[in-house]
Each structure stands twice: as structure tokens, then as C-alpha cells.
>>> print(open('my_file_8.cif').read())   # mmCIF, C-alpha atoms and all ligand atoms; chains and numbers go by the auth columns
data_data
loop_
_atom_site.group_PDB
_atom_site.id
_atom_site.type_symbol
_atom_site.label_atom_id
_atom_site.label_comp_id
_atom_site.label_asym_id
_atom_site.label_seq_id
_atom_site.Cartn_x
_atom_site.Cartn_y
_atom_site.Cartn_z
_atom_site.B_iso_or_equiv
_atom_site.auth_seq_id
_atom_site.auth_asym_id
ATOM 1 C CA MET A 1 125.638 -126.267 -61.608 0.00 199 A
ATOM 2 C CA CYS A 2 124.400 -125.244 -58.229 0.00 200 A
ATOM 3 C CA GLY A 3 126.950 -123.808 -55.802 0.00 201 A
ATOM 4 C CA ASP A 4 129.658 -126.396 -55.391 0.00 202 A
ATOM 5 C CA GLY A 5 127.399 -129.179 -56.622 0.00 203 A
ATOM 6 C CA ILE A 6 124.808 -129.937 -59.245 0.00 204 A
ATOM 7 C CA ALA A 7 121.028 -130.031 -59.421 0.00 205 A
ATOM 8 C CA CYS A 8 119.203 -132.670 -61.468 0.00 206 A
ATOM 9 C CA PRO A 9 117.302 -130.886 -64.272 0.00 207 A
ATOM 10 C CA PHE A 10 114.451 -133.435 -63.976 0.00 208 A
ATOM 11 C CA HIS A 11 113.212 -133.084 -60.349 0.00 209 A
ATOM 12 C CA GLY A 12 115.652 -130.531 -58.944 0.00 210 A
ATOM 13 C CA TRP A 13 117.419 -132.885 -56.508 0.00 211 A
ATOM 14 C CA ARG A 14 120.590 -131.207 -55.362 0.00 212 A
ATOM 15 C CA PHE A 15 123.876 -133.075 -54.837 0.00 213 A
ATOM 16 C CA ASP A 16 127.014 -131.603 -53.267 0.00 214 A
ATOM 17 C CA GLY A 17 130.561 -131.876 -54.652 0.00 215 A
ATOM 18 C CA GLU A 18 131.041 -135.274 -52.949 0.00 216 A
ATOM 19 C CA GLY A 19 127.928 -136.668 -54.618 0.00 217 A
ATOM 20 C CA GLN A 20 125.761 -136.605 -51.457 0.00 218 A
ATOM 21 C CA LEU A 21 122.105 -135.753 -51.912 0.00 219 A
ATOM 22 C CA VAL A 22 121.574 -132.553 -49.896 0.00 220 A
ATOM 23 C CA GLU A 23 118.166 -131.290 -50.928 0.00 221 A
ATOM 24 C CA VAL A 24 114.917 -132.458 -52.447 0.00 222 A
ATOM 25 C CA PRO A 25 112.591 -129.555 -53.283 0.00 223 A
ATOM 26 C CA ARG A 26 109.582 -129.293 -50.901 0.00 224 A
ATOM 27 C CA LEU A 27 110.850 -132.126 -48.678 0.00 225 A
ATOM 28 C CA ASP A 28 111.970 -131.491 -45.066 0.00 226 A
ATOM 29 C CA LEU A 29 113.801 -134.738 -44.495 0.00 227 A
ATOM 30 C CA THR A 30 116.245 -135.518 -47.296 0.00 228 A
ATOM 31 C CA PRO A 31 116.611 -139.270 -47.976 0.00 229 A
ATOM 32 C CA ARG A 32 120.122 -140.722 -47.710 0.00 230 A
ATOM 33 C CA ALA A 33 121.329 -141.111 -51.244 0.00 231 A
ATOM 34 C CA SER A 34 124.417 -140.380 -53.260 0.00 232 A
ATOM 35 C CA ALA A 35 125.588 -140.262 -56.844 0.00 233 A
ATOM 36 C CA ARG A 36 129.044 -140.910 -58.244 0.00 234 A
ATOM 37 C CA ALA A 37 131.261 -137.835 -57.914 0.00 235 A
ATOM 38 C CA TRP A 38 133.747 -136.977 -60.641 0.00 236 A
ATOM 39 C CA ARG A 39 136.920 -134.958 -60.301 0.00 237 A
ATOM 40 C CA VAL A 40 136.476 -131.785 -62.301 0.00 238 A
ATOM 41 C CA ARG A 41 138.516 -128.713 -63.165 0.00 239 A
ATOM 42 C CA GLU A 42 137.004 -125.510 -64.413 0.00 240 A
ATOM 43 C CA ARG A 43 139.687 -123.893 -66.536 0.00 241 A
ATOM 44 C CA ASN A 44 139.976 -121.825 -69.712 0.00 242 A
ATOM 45 C CA GLY A 45 136.204 -121.455 -69.868 0.00 243 A
ATOM 46 C CA ARG A 46 135.682 -125.232 -70.036 0.00 244 A
ATOM 47 C CA ILE A 47 134.841 -127.917 -67.501 0.00 245 A
ATOM 48 C CA PHE A 48 137.175 -130.916 -67.584 0.00 246 A
ATOM 49 C CA VAL A 49 136.232 -134.268 -66.066 0.00 247 A
ATOM 50 C CA TRP A 50 138.961 -136.713 -65.064 0.00 248 A
ATOM 51 C CA HIS A 51 138.232 -140.167 -66.461 0.00 249 A
ATOM 52 C CA HIS A 52 140.590 -143.084 -65.947 0.00 250 A
ATOM 53 C CA ALA A 53 140.099 -146.668 -67.175 0.00 251 A
ATOM 54 C CA VAL A 54 141.066 -148.178 -63.815 0.00 252 A
ATOM 55 C CA ASP A 55 140.117 -145.194 -61.643 0.00 253 A
ATOM 56 C CA ALA A 56 143.634 -143.941 -60.899 0.00 254 A
ATOM 57 C CA PRO A 57 143.809 -140.373 -59.495 0.00 255 A
ATOM 58 C CA PRO A 58 144.755 -137.429 -61.767 0.00 256 A
ATOM 59 C CA SER A 59 148.414 -137.470 -62.774 0.00 257 A
ATOM 60 C CA TYR A 60 148.617 -133.996 -64.321 0.00 258 A
ATOM 61 C CA GLU A 61 146.932 -130.612 -64.097 0.00 259 A
ATOM 62 C CA VAL A 62 145.038 -128.731 -66.809 0.00 260 A
ATOM 63 C CA ILE A 63 147.309 -125.891 -67.972 0.00 261 A
ATOM 64 C CA GLY A 64 145.681 -122.465 -67.603 0.00 262 A
ATOM 65 C CA TYR A 65 145.770 -119.713 -70.252 0.00 263 A
ATOM 66 C CA ARG A 66 144.460 -116.140 -70.601 0.00 264 A
ATOM 67 C CA ASP A 67 145.247 -115.016 -67.027 0.00 265 A
ATOM 68 C CA ASP A 68 143.492 -111.671 -67.424 0.00 266 A
ATOM 69 C CA GLU A 69 140.483 -113.085 -69.234 0.00 267 A
ATOM 70 C CA THR A 70 138.773 -109.692 -69.580 0.00 268 A
ATOM 71 C CA SER A 71 141.396 -108.364 -72.000 0.00 269 A
ATOM 72 C CA TRP A 72 140.874 -111.340 -74.332 0.00 270 A
ATOM 73 C CA THR A 73 138.046 -111.766 -76.822 0.00 271 A
ATOM 74 C CA PRO A 74 135.281 -114.243 -75.895 0.00 272 A
ATOM 75 C CA TRP A 75 135.899 -117.767 -77.232 0.00 273 A
ATOM 76 C CA ARG A 76 134.752 -118.446 -80.750 0.00 274 A
ATOM 77 C CA PHE A 77 134.138 -122.102 -81.167 0.00 275 A
ATOM 78 C CA ASN A 78 133.305 -124.831 -83.624 0.00 276 A
ATOM 79 C CA THR A 79 132.495 -128.454 -82.881 0.00 277 A
ATOM 80 C CA TYR A 80 133.207 -131.446 -85.105 0.00 278 A
ATOM 81 C CA ARG A 81 132.655 -135.189 -84.780 0.00 279 A
ATOM 82 C CA VAL A 82 135.321 -137.109 -86.605 0.00 280 A
ATOM 83 C CA ARG A 83 136.087 -140.812 -87.022 0.00 281 A
ATOM 84 C CA VAL A 84 139.620 -140.577 -85.661 0.00 282 A
ATOM 85 C CA HIS A 85 141.547 -141.724 -82.604 0.00 283 A
ATOM 86 C CA VAL A 86 142.833 -139.000 -80.228 0.00 284 A
ATOM 87 C CA GLN A 87 146.397 -140.305 -80.631 0.00 285 A
ATOM 88 C CA ASP A 88 146.222 -139.688 -84.385 0.00 286 A
ATOM 89 C CA LEU A 89 144.828 -136.190 -83.855 0.00 287 A
ATOM 90 C CA THR A 90 147.796 -134.943 -81.841 0.00 288 A
ATOM 91 C CA GLU A 91 150.285 -136.868 -83.974 0.00 289 A
ATOM 92 C CA ASN A 92 149.282 -134.396 -86.661 0.00 290 A
ATOM 93 C CA ILE A 93 151.095 -131.608 -84.778 0.00 291 A
ATOM 94 C CA ILE A 94 154.520 -133.143 -85.326 0.00 292 A
ATOM 95 C CA ASP A 95 153.733 -134.559 -88.788 0.00 293 A
ATOM 96 C CA ARG A 96 155.809 -131.953 -90.609 0.00 294 A
ATOM 97 C CA SER A 97 155.597 -133.388 -94.095 0.00 295 A
ATOM 98 C CA HIS A 98 151.796 -133.191 -94.244 0.00 296 A
ATOM 99 C CA PHE A 99 151.792 -129.375 -94.033 0.00 297 A
ATOM 100 C CA SER A 100 152.665 -128.973 -97.687 0.00 298 A
ATOM 101 C CA ALA A 101 150.785 -132.011 -99.040 0.00 299 A
ATOM 102 C CA VAL A 102 147.512 -131.546 -97.141 0.00 300 A
ATOM 103 C CA HIS A 103 147.531 -127.850 -96.240 0.00 301 A
ATOM 104 C CA ASP A 104 149.445 -126.494 -99.208 0.00 302 A
ATOM 105 C CA MET A 105 151.767 -124.539 -96.914 0.00 303 A
ATOM 106 C CA ALA A 106 155.127 -123.403 -98.287 0.00 304 A
ATOM 107 C CA PRO A 107 158.148 -124.196 -96.126 0.00 305 A
ATOM 108 C CA PRO A 108 159.048 -121.251 -93.858 0.00 306 A
ATOM 109 C CA GLU A 109 162.204 -119.227 -94.437 0.00 307 A
ATOM 110 C CA ARG A 110 163.362 -119.769 -90.893 0.00 308 A
ATOM 111 C CA ASP A 111 163.386 -123.544 -90.590 0.00 309 A
ATOM 112 C CA HIS A 112 162.665 -123.762 -86.903 0.00 310 A
ATOM 113 C CA PHE A 113 161.091 -126.942 -85.523 0.00 311 A
ATOM 114 C CA GLU A 114 161.721 -128.073 -81.985 0.00 312 A
ATOM 115 C CA VAL A 115 159.904 -130.750 -80.021 0.00 313 A
ATOM 116 C CA ARG A 116 160.168 -131.356 -76.273 0.00 314 A
ATOM 117 C CA PHE A 117 158.452 -134.095 -74.322 0.00 315 A
ATOM 118 C CA ASP A 118 157.867 -133.094 -70.746 0.00 316 A
ATOM 119 C CA GLY A 119 155.745 -135.361 -68.535 0.00 317 A
ATOM 120 C CA ALA A 120 152.141 -135.221 -69.749 0.00 318 A
ATOM 121 C CA SER A 121 153.015 -132.416 -72.195 0.00 319 A
ATOM 122 C CA MET A 122 154.586 -132.211 -75.600 0.00 320 A
ATOM 123 C CA VAL A 123 155.800 -128.756 -76.594 0.00 321 A
ATOM 124 C CA VAL A 124 156.385 -127.953 -80.265 0.00 322 A
ATOM 125 C CA GLU A 125 157.947 -124.672 -81.326 0.00 323 A
ATOM 126 C CA GLN A 126 157.969 -123.986 -85.007 0.00 324 A
ATOM 127 C CA SER A 127 157.806 -121.434 -87.803 0.00 325 A
ATOM 128 C CA LEU A 128 154.882 -121.639 -90.172 0.00 326 A
ATOM 129 C CA ARG A 129 154.161 -119.729 -93.324 0.00 327 A
ATOM 130 C CA VAL A 130 150.553 -118.640 -93.594 0.00 328 A
ATOM 131 C CA THR A 131 149.520 -117.941 -97.173 0.00 329 A
ATOM 132 C CA ALA A 132 145.975 -116.799 -96.390 0.00 330 A
ATOM 133 C CA VAL A 133 147.241 -113.370 -95.249 0.00 331 A
ATOM 134 C CA ASP A 134 149.187 -112.578 -98.395 0.00 332 A
ATOM 135 C CA VAL A 135 150.323 -114.591 -101.396 0.00 333 A
ATOM 136 C CA ALA A 136 153.998 -114.466 -100.487 0.00 334 A
ATOM 137 C CA GLY A 137 153.151 -115.881 -97.096 0.00 335 A
ATOM 138 C CA TYR A 138 153.384 -114.380 -93.671 0.00 336 A
ATOM 139 C CA GLU A 139 155.725 -116.140 -91.287 0.00 337 A
ATOM 140 C CA ILE A 140 154.633 -116.798 -87.733 0.00 338 A
ATOM 141 C CA GLN A 141 156.235 -118.506 -84.749 0.00 339 A
ATOM 142 C CA THR A 142 153.941 -120.876 -82.906 0.00 340 A
ATOM 143 C CA THR A 143 154.179 -122.761 -79.648 0.00 341 A
ATOM 144 C CA THR A 144 151.912 -125.784 -79.427 0.00 342 A
ATOM 145 C CA THR A 145 151.509 -127.399 -76.029 0.00 343 A
ATOM 146 C CA THR A 146 149.536 -130.565 -75.436 0.00 344 A
ATOM 147 C CA CYS A 147 148.182 -131.392 -72.010 0.00 345 A
ATOM 148 C CA GLY A 148 147.434 -135.095 -71.631 0.00 346 A
ATOM 149 C CA PRO A 149 145.934 -136.931 -74.598 0.00 347 A
ATOM 150 C CA GLY A 150 143.059 -134.555 -75.298 0.00 348 A
ATOM 151 C CA ILE A 151 144.000 -130.887 -74.900 0.00 349 A
ATOM 152 C CA VAL A 152 146.053 -128.792 -77.333 0.00 350 A
ATOM 153 C CA ALA A 153 146.941 -125.088 -77.109 0.00 351 A
ATOM 154 C CA VAL A 154 148.499 -123.216 -80.019 0.00 352 A
ATOM 155 C CA GLU A 155 149.966 -119.858 -79.016 0.00 353 A
ATOM 156 C CA VAL A 156 151.079 -117.144 -81.405 0.00 354 A
ATOM 157 C CA SER A 157 152.737 -114.149 -79.845 0.00 355 A
ATOM 158 C CA GLN A 158 153.920 -111.551 -82.299 0.00 356 A
ATOM 159 C CA ASP A 159 153.767 -108.015 -81.007 0.00 357 A
ATOM 160 C CA PRO A 160 151.100 -106.579 -80.807 0.00 358 A
ATOM 161 C CA ILE A 161 149.188 -109.766 -81.560 0.00 359 A
ATOM 162 C CA GLU A 162 148.609 -112.526 -79.040 0.00 360 A
ATOM 163 C CA MET A 163 146.412 -115.398 -80.144 0.00 361 A
ATOM 164 C CA LEU A 164 145.368 -118.691 -78.651 0.00 362 A
ATOM 165 C CA THR A 165 143.763 -121.608 -80.427 0.00 363 A
ATOM 166 C CA TYR A 166 142.555 -124.115 -77.866 0.00 364 A
ATOM 167 C CA ILE A 167 141.491 -127.582 -78.929 0.00 365 A
ATOM 168 C CA THR A 168 139.782 -130.209 -76.794 0.00 366 A
ATOM 169 C CA GLN A 169 139.289 -133.788 -77.973 0.00 367 A
ATOM 170 C CA THR A 170 136.823 -136.179 -76.370 0.00 368 A
ATOM 171 C CA PRO A 171 136.347 -139.781 -77.508 0.00 369 A
ATOM 172 C CA ILE A 172 132.609 -140.415 -77.857 0.00 370 A
ATOM 173 C CA ASP A 173 132.745 -144.153 -78.555 0.00 371 A
ATOM 174 C CA GLU A 174 135.113 -146.704 -80.106 0.00 372 A
ATOM 175 C CA GLU A 175 135.269 -144.723 -83.350 0.00 373 A
ATOM 176 C CA LEU A 176 134.191 -141.121 -82.956 0.00 374 A
ATOM 177 C CA THR A 177 135.968 -138.199 -81.339 0.00 375 A
ATOM 178 C CA GLU A 178 134.382 -134.847 -80.633 0.00 376 A
ATOM 179 C CA VAL A 179 136.754 -131.993 -81.377 0.00 377 A
ATOM 180 C CA ASN A 180 136.158 -128.457 -80.172 0.00 378 A
ATOM 181 C CA LEU A 181 138.181 -125.715 -81.834 0.00 379 A
ATOM 182 C CA LEU A 182 138.236 -122.578 -79.722 0.00 380 A
ATOM 183 C CA PHE A 183 139.874 -119.283 -80.540 0.00 381 A
ATOM 184 C CA SER A 184 140.582 -116.133 -78.571 0.00 382 A
ATOM 185 C CA MET A 185 142.987 -113.221 -78.925 0.00 383 A
ATOM 186 C CA LYS A 186 144.120 -110.323 -76.803 0.00 384 A
ATOM 187 C CA ALA A 187 141.858 -107.450 -77.839 0.00 385 A
ATOM 188 C CA LEU A 188 143.664 -104.705 -79.795 0.00 386 A
ATOM 189 C CA PRO A 189 142.763 -101.020 -79.271 0.00 387 A
ATOM 190 C CA ASP A 190 141.207 -101.150 -82.735 0.00 388 A
ATOM 191 C CA GLU A 191 138.008 -103.150 -82.347 0.00 389 A
ATOM 192 C CA LYS A 192 137.515 -103.619 -86.092 0.00 390 A
ATOM 193 C CA ALA A 193 141.056 -104.978 -86.534 0.00 391 A
ATOM 194 C CA THR A 194 140.498 -107.409 -83.658 0.00 392 A
ATOM 195 C CA GLU A 195 137.280 -108.631 -85.214 0.00 393 A
ATOM 196 C CA SER A 196 138.769 -109.132 -88.665 0.00 394 A
ATOM 197 C CA ILE A 197 141.800 -111.013 -87.313 0.00 395 A
ATOM 198 C CA CYS A 198 139.430 -113.266 -85.343 0.00 396 A
ATOM 199 C CA GLU A 199 137.395 -113.916 -88.444 0.00 397 A
ATOM 200 C CA LEU A 200 140.428 -114.604 -90.613 0.00 398 A
ATOM 201 C CA ASN A 201 141.892 -116.974 -88.047 0.00 399 A
ATOM 202 C CA ASP A 202 138.566 -118.738 -87.668 0.00 400 A
ATOM 203 C CA ARG A 203 138.435 -119.292 -91.406 0.00 401 A
ATOM 204 C CA ILE A 204 142.017 -120.590 -91.663 0.00 402 A
ATOM 205 C CA THR A 205 141.739 -122.900 -88.638 0.00 403 A
ATOM 206 C CA ASN A 206 138.480 -124.449 -89.767 0.00 404 A
ATOM 207 C CA GLU A 207 139.657 -124.739 -93.360 0.00 405 A
ATOM 208 C CA GLN A 208 142.838 -126.528 -92.283 0.00 406 A
ATOM 209 C CA PHE A 209 140.953 -128.784 -89.913 0.00 407 A
ATOM 210 C CA THR A 210 138.527 -129.766 -92.658 0.00 408 A
ATOM 211 C CA GLN A 211 141.454 -130.604 -94.957 0.00 409 A
ATOM 212 C CA ASP A 212 142.715 -133.156 -92.434 0.00 410 A
ATOM 213 C CA VAL A 213 139.378 -134.915 -91.882 0.00 411 A
ATOM 214 C CA PRO A 214 139.222 -137.145 -95.018 0.00 412 A
ATOM 215 C CA ILE A 215 142.804 -138.300 -94.345 0.00 413 A
ATOM 216 C CA TRP A 216 142.074 -139.103 -90.693 0.00 414 A
ATOM 217 C CA GLU A 217 138.879 -140.953 -91.536 0.00 415 A
ATOM 218 C CA ASN A 218 140.434 -143.123 -94.225 0.00 416 A
ATOM 219 C CA LYS A 219 144.042 -143.768 -93.303 0.00 417 A
ATOM 220 C CA ILE A 220 145.236 -147.016 -91.745 0.00 418 A
ATOM 221 C CA TYR A 221 147.255 -146.934 -88.541 0.00 419 A
ATOM 222 C CA ARG A 222 150.615 -148.635 -89.051 0.00 420 A
ATOM 223 C CA GLU A 223 152.489 -149.670 -85.945 0.00 421 A
ATOM 224 C CA ARG A 224 155.820 -149.353 -87.749 0.00 422 A
ATOM 225 C CA PRO A 225 155.586 -146.710 -90.468 0.00 423 A
ATOM 226 C CA ILE A 226 158.514 -145.924 -92.761 0.00 424 A
ATOM 227 C CA ILE A 227 159.934 -142.674 -91.379 0.00 425 A
ATOM 228 C CA THR A 228 162.310 -140.452 -93.339 0.00 426 A
ATOM 229 C CA LYS A 229 164.289 -137.416 -92.228 0.00 427 A
ATOM 230 C CA VAL A 230 161.653 -135.005 -93.574 0.00 428 A
ATOM 231 C CA ASP A 231 159.068 -136.458 -91.192 0.00 429 A
ATOM 232 C CA GLY A 232 158.625 -135.368 -87.595 0.00 430 A
ATOM 233 C CA PRO A 233 159.570 -137.421 -84.516 0.00 431 A
ATOM 234 C CA VAL A 234 156.669 -139.874 -84.903 0.00 432 A
ATOM 235 C CA VAL A 235 158.399 -142.730 -83.067 0.00 433 A
ATOM 236 C CA GLN A 236 159.256 -140.551 -80.040 0.00 434 A
ATOM 237 C CA TYR A 237 155.735 -139.126 -80.067 0.00 435 A
ATOM 238 C CA ARG A 238 154.147 -142.563 -79.957 0.00 436 A
ATOM 239 C CA ARG A 239 156.478 -143.669 -77.158 0.00 437 A
ATOM 240 C CA TRP A 240 155.477 -140.549 -75.178 0.00 438 A
ATOM 241 C CA PHE A 241 151.761 -141.122 -75.834 0.00 439 A
ATOM 242 C CA ARG A 242 151.962 -144.642 -74.369 0.00 440 A
ATOM 243 C CA GLN A 243 151.766 -143.152 -70.855 0.00 441 A
ATOM 244 C CA PHE A 244 148.080 -142.412 -71.432 0.00 442 A
ATOM 245 C CA TYR A 245 147.131 -146.083 -71.831 0.00 443 A
ATOM 246 C CA SER A 246 146.435 -148.252 -68.802 0.00 444 A
ATOM 247 C CA ASP A 247 148.139 -151.655 -68.493 0.00 445 A
ATOM 248 C CA GLY A 248 146.586 -154.211 -70.777 0.00 446 A
ATOM 249 C CA GLU A 249 144.686 -151.571 -72.751 0.00 447 A
HETATM 250 FE FE FE B . 146.891 -131.044 -90.464 0.00 501 B
#
>>> encode(input="my_file_8.cif", output="C-alpha cells", more="lines below")
Ligand SMILES: [Fe+2]
Amino acid sequence: MCGDGIACPFHGWRFDGEGQLVEVPRLDLTPRASARAWRVRERNGRIFVWHHAVDAPPSYEVIGYRDDETSWTPWRFNTYRVRVHVQDLTENIIDRSHFSAVHDMAPPERDHFEVRFDGASMVVEQSLRVTAVDVAGYEIQTTTTTCGPGIVAVEVSQDPIEMLTYITQTPIDEELTEVNLLFSMKALPDEKATESICELNDRITNEQFTQDVPIWENKIYRERPIITKVDGPVVQYRRWFRQFYSDGE
């Protein structure tokens, strides 16, 4: 990055935000040249690039989190490369019946599970019982918001704790997807407590993610699966996800 543009790390040529070449080191007269410019958004400590199969302009905005960034802990992050399609990754959020089978999670006392589809977002509010904190399980309320096909934010707000797990998914090729799991929480007055909650959450998130991987990498996608009432709204989810495909794709 170089001001509003970028500089090539090879010979230092500098391009502005429109892709125009504006400077060549040690040269007075800059040759007329340009590179392809991409639409980017710097948000939540990440840089997002808009990519569209047929070059249509952006149809939604990246949702921002952690307004007062300084009171939140720096992102902790882990990167994985998994043989899974992005559609299957986010389908996992509403796949209620896999929580007990894959993640060994007991059903929560308060059976709250609500899904809303809103434009490019899907919002899931639910109760989860986390058994890593104590054996009996500790119940938390989570709000999971997707933004487009590749961004997921899981918010837990339970006074005095505010946590955010932020997941970005980027297809690398026909088969592989790079998944970044980021975590941040509002710093508590007790530094040690903050640190240990971060560590615990890191462990749980990565453990749960790893449990899903062998399933994702080996399952077969069925266009018309048999859905029962204990499953989540898979059909509605897939209908909603269709908006992210271009015609004929
Ligand atoms: Fe899962």
C-alpha cells in the first residue's frame, strides 16, 4: 500500500487508486501505463476485494464491527485450507442437527433458534450450550450474521463479555477454500481474565472447526436432501444463497 494506491514490490512502480501509473523511481517522465483497478474495502482489519464473474458492481456493503477498535483485543487468527465449497461452509451455521453429532454439544435449555434472510445477509439467533467451560454446560446466546457468500460474524454479548468471531472464506481454486478464523473481545478491566477467555475461545473455535473438516471434505452434495423437522432451514438457505451465482453459473 502506498497512499491511496499501491507500489509494485519488484521495481517500486507506483499506481494510484484508479490503476494509473503515477511514478517510476528515478524517472522524470512517467510512461503512460495502467493496471486493472479492483474495488476494495478496508474494514474490520481486513482488506476485501470485490470480485464478480461478469464484472457487475458491488451489490452489498461489508458490515463493520468493533466501532471503538482500541477497546477490543487485537485479532487472533488462524488460517486453514479446506476442500469445501463456500456454500457448504455457511450452510453449517443453520445445520442444527450436526451440533450434537459432530460437536458433541448438548441441546440448550432455552430452545431458541431463529433465522432471518435479509438481502445479502442471513441472521441466525440461537442458544448454544458450551461444555468446554464446565461439564454441565454454560449457555450462551449468539447472533451469527453472514455478509455475502464469504463473510461470517458470530457475536456473543453477555454482560460484561462481548466477543466477536469473524470468519472470512475465499475460494482458491475449483476445490479449495481458504478460511480465516479471527477472534477479538472487548477488553475486561482484568487483563489476565481477558487473556484466558481469548485463549479458551481460540481453543474451542479451532477444535470445533477441525471437527467439521473431515465431514466437509468427504460428504457428497445432494441437490434434494431428505430434511426432517430437527434439521435447520436448509432449503430456504439454499434458495437465499442462489443470489450469489451469476446467470448460467
Ligand atoms: Fe460445525
>>> residues_around(input="my_file_8.cif", residues="Glu376 of chain A", least_positions_apart="2", cutoff="10 Å", atoms="all atoms listed in the file", output="CSV table (one decimal) with C-alpha atoms, in the frame of the given file")
chain,number,residue,atom,x,y,z
A,277,THR,CA,132.5,-128.5,-82.9
A,278,TYR,CA,133.2,-131.4,-85.1
A,279,ARG,CA,132.7,-135.2,-84.8
A,280,VAL,CA,135.3,-137.1,-86.6
A,281,ARG,CA,136.1,-140.8,-87.0
A,282,VAL,CA,139.6,-140.6,-85.7
A,284,VAL,CA,142.8,-139.0,-80.2
A,366,THR,CA,139.8,-130.2,-76.8
A,367,GLN,CA,139.3,-133.8,-78.0
A,368,THR,CA,136.8,-136.2,-76.4
A,369,PRO,CA,136.3,-139.8,-77.5
A,370,ILE,CA,132.6,-140.4,-77.9
A,371,ASP,CA,132.7,-144.2,-78.6
A,374,LEU,CA,134.2,-141.1,-83.0
A,378,ASN,CA,136.2,-128.5,-80.2
A,379,LEU,CA,138.2,-125.7,-81.8
>>> residues_near_ligand(input="my_file_8.cif", ligand="ligand FE 501 (chain B)", cutoff="7 Å", atoms="all atoms listed in the file", output="short mmCIF file (atom, residue, chain, number, x, y, z; two decimals) with C-alpha atoms, keeping the file's coordinate frame")
data_model
loop_
_atom_site.label_atom_id
_atom_site.label_comp_id
_atom_site.auth_asym_id
_atom_site.auth_seq_id
_atom_site.Cartn_x
_atom_site.Cartn_y
_atom_site.Cartn_z
CA ASN A 290 149.28 -134.40 -86.66
CA HIS A 296 151.80 -133.19 -94.24
CA PHE A 297 151.79 -129.38 -94.03
CA VAL A 300 147.51 -131.55 -97.14
CA HIS A 301 147.53 -127.85 -96.24
CA GLN A 406 142.84 -126.53 -92.28
CA PHE A 407 140.95 -128.78 -89.91
CA ASP A 410 142.72 -133.16 -92.43
#
>>> closest_residue(input="my_file_8.cif", among="A:Arg294, A:Lys390, A:Arg230, A:Lys384", to="Glu312 of chain A", atoms="only C-alpha atoms")
A:Arg294
>>> closest_residue(input="my_file_8.cif", among="A:Ser444, A:Ala385, A:Thr403, A:Arg437", to="Asp266 of chain A", atoms="only C-alpha atoms")
A:Ala385
>>> resolve_selection(input="my_file_8.cif", expression="the PyMOL selection byres (((chain A and resi 231-241) around 6) and not hetatm)", output="ChimeraX atom specification")
/A:216-219,230,242-248
>>> closest_residue(input="my_file_8.cif", among="A:Asn404, A:Asn399, A:Gln434, A:Ser298", to="Leu362 of chain A", atoms="only C-alpha atoms")
A:Asn399
>>> closest_residue(input="my_file_8.cif", among="A:Glu389, A:Pro306, A:Thr342, A:Asp226", to="Ser325 of chain A", atoms="all atoms listed in the file")
A:Pro306
>>> atom_distance(input="my_file_8.cif", atom1="atom CA of Pro387 of chain A", atom2="atom CA of Arg327 of chain A")
26.0 Å
>>> atom_distance(input="my_file_8.cif", atom1="atom CA of Gln356 of chain A", atom2="atom CA of Val322 of chain A")
16.7 Å
>>> build_atoms(input="my_file_8.cif", residues="segment 287-300 of chain A", atoms="N, CA and C atoms", output="compact mmCIF listing (two decimals), in the frame of the given file")
# COMPACT_ATOMS: atom_id res chain seq x y z
N LEU A 287 145.07 -137.63 -83.77
CA LEU A 287 144.83 -136.19 -83.86
C LEU A 287 146.06 -135.40 -83.45
N THR A 288 146.64 -135.73 -82.29
CA THR A 288 147.80 -134.94 -81.84
C THR A 288 149.08 -135.31 -82.58
N GLU A 289 149.10 -136.50 -83.18
CA GLU A 289 150.28 -136.87 -83.97
C GLU A 289 150.45 -135.90 -85.15
N ASN A 290 149.31 -135.35 -85.57
CA ASN A 290 149.28 -134.40 -86.66
C ASN A 290 150.18 -133.17 -86.42
N ILE A 291 150.32 -132.81 -85.13
CA ILE A 291 151.10 -131.61 -84.78
C ILE A 291 152.55 -131.75 -85.20
N ILE A 292 153.10 -132.96 -85.03
CA ILE A 292 154.52 -133.14 -85.33
C ILE A 292 154.73 -133.74 -86.73
N ASP A 293 153.63 -133.98 -87.45
CA ASP A 293 153.73 -134.56 -88.79
C ASP A 293 154.08 -133.44 -89.79
N ARG A 294 155.35 -133.10 -89.81
CA ARG A 294 155.81 -131.95 -90.61
C ARG A 294 155.50 -132.07 -92.09
N SER A 295 155.69 -133.28 -92.64
CA SER A 295 155.60 -133.39 -94.10
C SER A 295 154.17 -133.28 -94.62
N HIS A 296 153.17 -133.31 -93.72
CA HIS A 296 151.80 -133.19 -94.24
C HIS A 296 151.38 -131.74 -94.45
N PHE A 297 152.16 -130.80 -93.89
CA PHE A 297 151.79 -129.38 -94.03
C PHE A 297 151.72 -128.93 -95.49
N SER A 298 152.69 -129.37 -96.27
CA SER A 298 152.66 -128.97 -97.69
C SER A 298 151.68 -129.82 -98.48
N ALA A 299 151.66 -131.14 -98.25
CA ALA A 299 150.78 -132.01 -99.04
C ALA A 299 149.30 -131.79 -98.76
N VAL A 300 148.94 -131.68 -97.49
CA VAL A 300 147.51 -131.55 -97.14
C VAL A 300 147.08 -130.08 -97.06
